[in-house]
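Novice: Provided herewith: my_file.txt, compact mmCIF, C-alpha atoms and all ligand atoms.
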# COMPACT_ATOMS: atom_id res chain seq x y z
CA MET N 1 0.00 0.00 0.00
CA ALA N 2 1.59 3.24 -1.09
CA VAL N 3 1.46 6.48 0.86
CA PRO N 4 -0.97 9.02 -0.66
CA GLU N 5 0.30 10.89 -3.70
CA LYS N 6 -0.40 14.32 -2.20
CA VAL N 7 0.26 14.84 1.49
CA GLY N 8 -0.23 18.11 3.33
CA VAL N 9 1.46 19.02 6.59
CA LEU N 10 0.05 21.88 8.65
CA GLY N 11 2.77 23.35 10.88
CA GLY N 12 6.35 22.92 9.71
CA GLY N 13 8.07 22.98 13.11
CA ARG N 14 10.23 20.30 14.65
CA MET N 15 7.71 17.52 14.09
CA GLY N 16 5.99 18.82 10.95
CA ALA N 17 9.30 19.14 9.10
CA GLY N 18 10.26 15.60 10.12
CA ILE N 19 6.88 14.26 9.01
CA ALA N 20 7.17 16.09 5.67
CA HIS N 21 10.62 14.57 5.17
CA ALA N 22 9.31 11.07 5.99
CA PHE N 23 6.56 11.29 3.36
CA LEU N 24 8.97 12.73 0.77
CA ALA N 25 11.26 9.77 1.44
CA ALA N 26 8.33 7.45 0.70
CA GLY N 27 7.72 9.14 -2.67
CA ALA N 28 4.83 11.53 -1.91
CA ASN N 29 4.42 15.12 -3.08
CA VAL N 30 4.33 17.14 0.11
CA LYS N 31 3.00 20.61 0.82
CA VAL N 32 3.87 22.25 4.13
CA VAL N 33 1.70 25.14 5.31
CA ASP N 34 2.74 27.41 8.17
CA ILE N 35 1.50 30.71 9.58
CA ASN N 36 3.70 33.34 7.92
CA ASP N 37 6.62 33.79 5.53
CA ASP N 38 9.24 33.53 8.28
CA ALA N 39 7.76 30.29 9.59
CA VAL N 40 7.57 28.94 6.04
CA ALA N 41 11.22 29.82 5.42
CA ALA N 42 12.22 28.11 8.68
CA ALA N 43 10.15 25.03 7.77
CA LYS N 44 11.76 24.91 4.31
CA ALA N 45 15.23 25.05 5.84
CA ARG N 46 14.37 22.24 8.28
CA VAL N 47 12.96 19.92 5.61
CA GLU N 48 15.82 20.65 3.19
CA LYS N 49 18.36 19.91 5.91
CA ALA N 50 16.65 16.57 6.53
CA ILE N 51 16.65 15.83 2.77
CA GLN N 52 20.37 16.60 2.59
CA GLY N 53 20.92 14.31 5.58
CA SER N 54 19.20 11.46 3.72
CA ILE N 55 21.23 12.07 0.56
CA ASP N 56 24.46 12.17 2.59
CA ARG N 57 23.53 8.84 4.15
CA GLY N 58 23.18 7.33 0.67
CA ALA N 59 19.44 7.60 -0.04
CA GLU N 60 18.34 7.18 -3.64
CA GLY N 61 17.97 10.24 -5.90
CA THR N 62 19.45 13.71 -5.86
CA PHE N 63 18.64 16.59 -3.54
CA GLU N 64 16.74 18.20 -6.45
CA SER N 65 14.70 15.06 -7.14
CA TRP N 66 13.42 15.18 -3.56
CA ALA N 67 13.10 18.96 -3.27
CA GLU N 68 11.00 19.28 -6.45
CA ARG N 69 8.27 17.28 -4.68
CA LEU N 70 8.19 19.76 -1.80
CA THR N 71 6.08 22.92 -1.86
CA LEU N 72 5.45 25.40 0.94
CA SER N 73 2.76 27.98 1.52
CA THR N 74 0.92 30.11 4.03
CA GLU N 75 -2.45 29.16 2.50
CA VAL N 76 -4.40 26.25 3.96
CA SER N 77 -6.74 26.52 0.96
CA GLU N 78 -3.94 24.93 -1.12
CA PHE N 79 -4.76 21.60 0.54
CA ALA N 80 -7.83 21.39 -1.74
CA GLY N 81 -7.95 17.94 -3.37
CA PHE N 82 -5.34 16.42 -1.03
CA ASP N 83 -5.68 12.81 0.16
CA LEU N 84 -4.08 13.28 3.56
CA VAL N 85 -3.26 16.29 5.72
CA VAL N 86 -1.18 15.79 8.85
CA GLU N 87 -1.75 18.44 11.50
CA ALA N 88 1.38 19.32 13.52
CA VAL N 89 0.61 22.74 15.03
CA PRO N 90 1.48 23.35 18.72
CA GLU N 91 -0.18 21.27 21.43
CA SER N 92 -3.30 23.34 22.19
CA MET N 93 -6.89 22.17 21.78
CA GLU N 94 -7.92 25.65 20.68
CA LEU N 95 -5.20 25.93 18.02
CA LYS N 96 -5.82 22.41 16.77
CA THR N 97 -9.60 22.86 16.58
CA THR N 98 -9.10 25.99 14.47
CA ALA N 99 -6.56 24.15 12.33
CA PHE N 100 -8.97 21.23 11.81
CA SER N 101 -11.75 23.54 10.77
CA SER N 102 -9.55 25.32 8.20
CA ILE N 103 -8.34 22.01 6.77
CA ALA N 104 -11.92 20.69 6.59
CA GLN N 105 -13.04 23.82 4.78
CA ALA N 106 -10.24 23.56 2.23
CA ALA N 107 -10.41 19.80 1.74
CA PRO N 108 -13.72 18.26 2.85
CA GLU N 109 -12.68 14.84 1.50
CA THR N 110 -9.19 14.60 2.95
CA VAL N 111 -8.22 12.34 5.81
CA ILE N 112 -6.93 14.47 8.68
CA ALA N 113 -4.22 12.94 10.85
CA THR N 114 -3.16 14.66 14.04
CA ASN N 115 0.29 14.39 15.57
CA THR N 116 -0.97 15.34 19.01
CA SER N 117 0.99 13.73 21.82
CA SER N 118 -1.69 14.07 24.50
CA LEU N 119 -4.96 15.63 23.37
CA SER N 120 -8.09 13.59 22.71
CA VAL N 121 -8.19 12.58 19.05
CA SER N 122 -11.91 11.76 19.40
CA GLN N 123 -12.64 15.28 20.65
CA LEU N 124 -10.77 16.74 17.67
CA ALA N 125 -12.49 14.35 15.26
CA ASP N 126 -15.90 15.47 16.51
CA THR N 127 -15.25 19.01 15.26
CA VAL N 128 -15.14 18.03 11.56
CA ALA N 129 -16.95 15.73 9.11
CA ASN N 130 -13.65 14.38 7.69
CA ASP N 131 -12.24 10.97 8.62
CA VAL N 132 -9.69 11.54 11.40
CA ILE N 133 -6.95 9.43 12.92
CA GLY N 134 -3.96 10.04 15.20
CA LEU N 135 -0.51 9.52 13.73
CA HIS N 136 1.79 10.15 16.68
CA PHE N 137 5.32 10.44 15.34
CA PHE N 138 8.29 10.60 17.68
CA ASN N 139 11.13 13.07 17.88
CA PRO N 140 13.44 13.10 15.96
CA VAL N 141 11.22 11.69 13.22
CA PRO N 142 13.95 10.36 10.89
CA ALA N 143 15.64 8.38 13.67
CA SER N 144 12.51 7.09 15.39
CA LYS N 145 10.98 3.86 14.15
CA LEU N 146 7.71 4.22 16.07
CA VAL N 147 4.39 5.76 15.06
CA GLU N 148 1.38 5.35 17.33
CA VAL N 149 -1.77 5.00 15.22
CA VAL N 150 -4.48 6.40 17.48
CA ILE N 151 -8.07 5.35 16.85
CA ALA N 152 -10.73 7.95 17.58
CA LYS N 153 -14.28 6.80 18.33
CA SER N 154 -15.33 7.81 14.80
CA THR N 155 -12.26 6.46 12.93
CA PRO N 156 -13.42 3.93 10.29
CA ASP N 157 -11.82 0.46 10.60
CA ALA N 158 -10.62 0.66 7.01
CA LEU N 159 -8.69 3.84 7.77
CA VAL N 160 -6.81 2.10 10.59
CA GLU N 161 -5.62 -0.55 8.14
CA THR N 162 -4.74 2.09 5.56
CA ALA N 163 -2.79 4.12 8.11
CA LYS N 164 -0.86 1.03 9.24
CA GLY N 165 0.13 0.56 5.59
CA TRP N 166 1.31 4.17 5.33
CA VAL N 167 3.46 3.78 8.44
CA GLU N 168 5.01 0.64 7.03
CA ASP N 169 5.74 2.49 3.78
CA LEU N 170 7.48 5.19 5.80
CA GLY N 171 9.80 2.46 7.06
CA LYS N 172 8.42 2.66 10.58
CA THR N 173 6.47 0.37 12.88
CA ALA N 174 2.87 1.12 13.79
CA VAL N 175 1.51 0.57 17.27
CA VAL N 176 -2.29 0.70 17.22
CA VAL N 177 -3.81 2.35 20.28
CA LYS N 178 -7.30 3.31 21.31
CA ASP N 179 -7.69 7.03 21.98
CA ALA N 180 -6.90 6.97 25.71
CA PRO N 181 -4.84 9.45 27.76
CA GLY N 182 -1.11 9.05 27.19
CA PHE N 183 -1.79 6.55 24.37
CA ALA N 184 0.61 3.61 24.91
CA SER N 185 4.01 5.29 25.01
CA SER N 186 3.55 8.18 27.47
CA ARG N 187 1.29 6.19 29.78
CA LEU N 188 3.75 3.36 30.29
CA GLY N 189 6.92 5.44 30.03
CA VAL N 190 5.73 7.97 32.60
CA ALA N 191 4.40 5.24 34.93
CA ILE N 192 7.87 3.68 35.12
CA ALA N 193 9.55 7.06 35.58
CA LEU N 194 7.19 8.04 38.42
CA GLU N 195 7.90 4.81 40.29
CA ALA N 196 11.66 5.33 39.80
CA ILE N 197 11.33 8.86 41.23
CA ARG N 198 9.39 7.53 44.23
CA MET N 199 12.22 5.05 44.81
CA VAL N 200 14.77 7.91 44.89
CA GLU N 201 12.43 9.80 47.22
CA GLU N 202 12.27 6.81 49.58
CA SER N 203 16.08 6.35 49.35
CA VAL N 204 15.63 2.80 48.07
CA ALA N 205 18.69 3.21 45.85
CA SER N 206 20.65 5.92 44.05
CA ALA N 207 19.48 7.25 40.68
CA ARG N 208 22.41 5.52 38.99
CA ASP N 209 21.64 2.18 40.62
CA ILE N 210 17.93 2.39 39.74
CA ASP N 211 18.79 3.20 36.13
CA ASN N 212 21.41 0.43 36.01
CA ALA N 213 18.85 -2.05 37.32
CA MET N 214 16.65 -1.37 34.30
CA VAL N 215 19.43 -1.02 31.74
CA LEU N 216 21.46 -4.07 32.79
CA GLY N 217 18.68 -6.18 34.26
CA TYR N 218 15.83 -5.44 31.88
CA LYS N 219 17.74 -4.33 28.78
CA PHE N 220 16.23 -0.82 28.70
CA PRO N 221 18.37 1.27 26.30
CA ILE N 222 18.43 4.06 28.88
CA GLY N 223 17.35 4.28 32.53
CA PRO N 224 13.99 5.91 33.38
CA LEU N 225 15.64 8.69 35.42
CA GLU N 226 18.24 9.55 32.80
CA LEU N 227 15.46 9.60 30.20
CA THR N 228 13.42 11.92 32.43
CA ASP N 229 16.44 14.26 32.51
CA ILE N 230 16.53 14.23 28.70
CA VAL N 231 12.79 14.81 28.23
CA GLY N 232 12.73 17.46 30.99
CA LEU N 233 11.23 17.07 34.47
CA ASP N 234 8.83 19.94 33.78
CA VAL N 235 7.56 18.24 30.61
CA ARG N 236 7.06 14.92 32.39
CA LEU N 237 5.42 16.67 35.36
CA GLY N 238 2.88 18.20 32.96
CA ILE N 239 2.13 14.79 31.45
CA ALA N 240 1.85 13.16 34.90
CA GLU N 241 -0.61 15.85 36.04
CA TYR N 242 -2.69 15.31 32.92
CA LEU N 243 -2.66 11.52 33.40
CA GLU N 244 -3.56 11.93 37.08
CA SER N 245 -6.55 14.07 36.09
CA THR N 246 -7.72 11.55 33.51
CA LEU N 247 -6.57 8.13 34.75
CA GLY N 248 -6.42 8.66 38.50
CA GLU N 249 -4.20 8.83 41.51
CA ARG N 250 -1.70 6.25 40.35
CA PHE N 251 -0.19 8.96 38.15
CA ALA N 252 0.07 11.53 40.97
CA PRO N 253 3.49 13.18 40.60
CA PRO N 254 5.84 12.45 43.54
CA GLN N 255 6.67 15.42 45.79
CA LEU N 256 10.36 15.09 44.85
CA MET N 257 9.45 15.72 41.20
CA ARG N 258 7.49 18.85 42.11
CA ASP N 259 10.32 20.09 44.37
CA MET N 260 12.96 19.55 41.70
CA VAL N 261 10.90 21.41 39.09
CA ALA N 262 10.31 24.26 41.60
CA ARG N 263 14.10 24.45 42.16
CA GLY N 264 14.68 24.64 38.41
CA GLU N 265 16.26 21.17 38.30
CA LEU N 266 14.69 20.28 34.98
CA GLY N 267 17.27 17.81 33.69
CA ARG N 268 19.83 18.24 30.93
CA LYS N 269 18.51 21.57 29.69
CA SER N 270 19.04 23.22 33.09
CA GLY N 271 22.35 21.46 33.87
CA LYS N 272 20.90 19.43 36.73
CA GLY N 273 18.25 16.81 37.23
CA PHE N 274 18.78 13.35 38.65
CA TYR N 275 22.31 13.73 37.27
CA ASP N 276 24.68 16.68 37.10
CA TYR N 277 25.34 18.08 33.62
CA SER N 278 27.17 21.24 34.67
CA GLN N 279 30.43 19.93 33.18
CA SER N 280 28.83 18.79 29.90
CA SER N 281 29.21 21.02 26.85
P1 LIG O 301 6.88 23.40 17.04
O1 LIG O 301 6.58 24.54 17.90
O2 LIG O 301 8.31 23.02 16.75
O3 LIG O 301 6.16 23.59 15.62
C1 LIG O 301 4.85 24.04 15.47
C2 LIG O 301 4.74 24.71 14.11
O4 LIG O 301 3.37 25.03 13.88
C3 LIG O 301 5.53 26.01 13.99
O5 LIG O 301 6.25 26.01 12.78
C4 LIG O 301 4.44 27.09 14.01
O6 LIG O 301 4.80 28.25 13.26
C5 LIG O 301 3.31 26.33 13.34
N1 LIG O 301 1.98 26.89 13.59
C6 LIG O 301 1.50 27.47 14.72
N2 LIG O 301 0.21 27.81 14.54
C7 LIG O 301 -0.12 27.45 13.28
C8 LIG O 301 -1.29 27.55 12.50
N3 LIG O 301 -2.39 28.07 13.00
N4 LIG O 301 -1.26 27.10 11.22
C9 LIG O 301 -0.14 26.54 10.71
N5 LIG O 301 1.00 26.42 11.41
C10 LIG O 301 1.01 26.86 12.66
O7 LIG O 301 6.10 22.15 17.69
P2 LIG O 301 6.42 20.58 17.53
O8 LIG O 301 7.38 20.16 18.60
O9 LIG O 301 6.73 20.30 16.10
O10 LIG O 301 5.00 19.97 17.95
C11 LIG O 301 3.92 19.91 17.05
C12 LIG O 301 2.95 18.85 17.51
O11 LIG O 301 3.63 17.59 17.59
C13 LIG O 301 2.34 19.08 18.89
O12 LIG O 301 1.03 18.61 18.90
C14 LIG O 301 3.22 18.22 19.80
O13 LIG O 301 2.57 17.82 20.98
C15 LIG O 301 3.46 17.03 18.90
N6 LIG O 301 4.64 16.23 19.22
C16 LIG O 301 5.80 16.82 19.58
C17 LIG O 301 6.91 16.02 19.89
C18 LIG O 301 8.22 16.65 20.28
O14 LIG O 301 9.06 15.95 20.88
N7 LIG O 301 8.46 17.91 19.96
C19 LIG O 301 6.82 14.64 19.79
C20 LIG O 301 5.62 14.05 19.38
C21 LIG O 301 4.53 14.87 19.09
Translate the structure of the given file into structure tokens.
Specialist:
Amino acid sequence: MAVPEKVGVLGGGRMGAGIAHAFLAAGANVKVVDINDDAVAAAKARVEKAIQGSIDRGAEGTFESWAERLTLSTEVSEFAGFDLVVEAVPESMELKTTAFSSIAQAAPETVIATNTSSLSVSQLADTVANDVIGLHFFNPVPASKLVEVVIAKSTPDALVETAKGWVEDLGKTAVVVKDAPGFASSRLGVAIALEAIRMVEESVASARDIDNAMVLGYKFPIGPLELTDIVGLDVRLGIAEYLESTLGERFAPPQLMRDMVARGELGRKSGKGFYDYSQSS
């Protein structure tokens, strides 16, 4: 099953540019739409850098043969007649609802896929008459093999199968998840991290020993605390709070996590989290 011939991407930021690159790599013609000329220029630079990266790593074709299938615009109306539009605007229900409505107006027949990492796909789907599905790509898109295919209440069964085929064509692996808070990845990943943080809080073991237990004992590629430092404690706190509000007390953030965020110990980006990065460049 081939990816659609014409794929639109709304929002050419970190994720949108990666998604555009992935569909170009699979042979689609891709149009990226962003809010203004500066954002479009930045999106173009991001996608072109990713194309160059593929060419440098030995991908088929020339830079030009990829780039000629890429167009950019500030006009959502240019999605008219498209088969698939992937929405990758910032994570806000209000922004995404507006984005959905403008896509639906321009292309009433297109499938709309959302790259939301936490919002309800069913709630978004209810705002338009189009078929809607979640395609949750991971960052950085070219290096990540996973795409969560998120099924909204109204998603037709046939679209789930079609979307799984697209993901396979992108050279990635689909995980099919019902539209539930945290999907599969955040829910499980954050659950493990929260328990690891509680273990530090209760002085069960050091951060390094807890991480080593999972890396050496359970073959995790990286320990849950080190990964929390990479993602950012503030980011994971936000997800935990959301999961607590939707799934219950078992996701209540540990006090240590709140204290660390309040102290500005956010992980790598602040130089300190469960580990010290002050000497790292
Ligand atoms: P980003 O801020 O890097 O990019 C967002 C882009 O959308 C920007 O280029 C911005 O100009 C554009 N934009 C804003 N409003 C717009 C509008 N009305 N119309 C068109 N374009 C608009 O954000 P990102 O990190 O790429 O995240 C995008 C989505 O992907 C979010 O839903 C996020 O939760 C999800 N996501 C992010 C990650 C990650 O690690 N960054 C991972 C998985 C999913």
Novice: If we count all atoms listed in the file, what is near Ala152 of chain N at a cut-off of 9 Å, once residues fewer than 2 positions away on the same chain are taken out, given as a PyMOL selection string?
Specialist: chain N and resi 120-125+132-134+150+154-156+178-179
Novice: Using all atoms listed in the file, find each protein or nucleic acid residue lying at most 7 Å from ligand LIG 301 (chain O); present the set as a PyMOL selection string.
Specialist: chain N and resi 10-16+33-35+39+43+88-91+95+99+115-118+136-139
Novice: At a cut-off of 10 Å, using only C-alpha atoms, what residues contact segment 247-250 of chain N? Leave out same-chain residues fewer than 4 positions from it and give the result as a list in words.
Specialist: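 Neighbouring residues, sequence-local ones excluded: Ala180, Pro181, Gly182, Arg187, Ala191, Leu194, Glu195, Ala240, Glu241, Tyr242 and Leu243 of chain N.
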Novice: If we count all atoms listed in the file, what is near Asp37 of chain N at a cut-off of 9 Å, once residues fewer than 5 positions away on the same chain are taken out, given as number ranges by chain?
Specialist: N: 42, 73-74
Novice: Please produce a file of those selected residues containing C-alpha atoms, as a compact mmCIF listing (two decimals), keeping the file's coordinate frame.
Specialist:
# COMPACT_ATOMS: atom_id res chain seq x y z
CA ALA N 42 12.22 28.11 8.68
CA SER N 73 2.76 27.98 1.52
CA THR N 74 0.92 30.11 4.03
Novice: For the atom pair atom CA of Leu119 of chain N and atom CA of Gly81 of chain N, what is the interatomic distance in Å to one decimal place?
Specialist: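 Between these atoms lies a distance of 27.0 Å.
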Novice: For each of N:Thr98, N:Pro142, N:Gln105, N:Glu60, take the minimum atom-to-atom distance to Phe23 of chain N, counting only C-alpha atoms, then give the residue where this is smallest.
Specialist: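 Distance minimum relative to Phe23 of chain N lands on N:Pro142.
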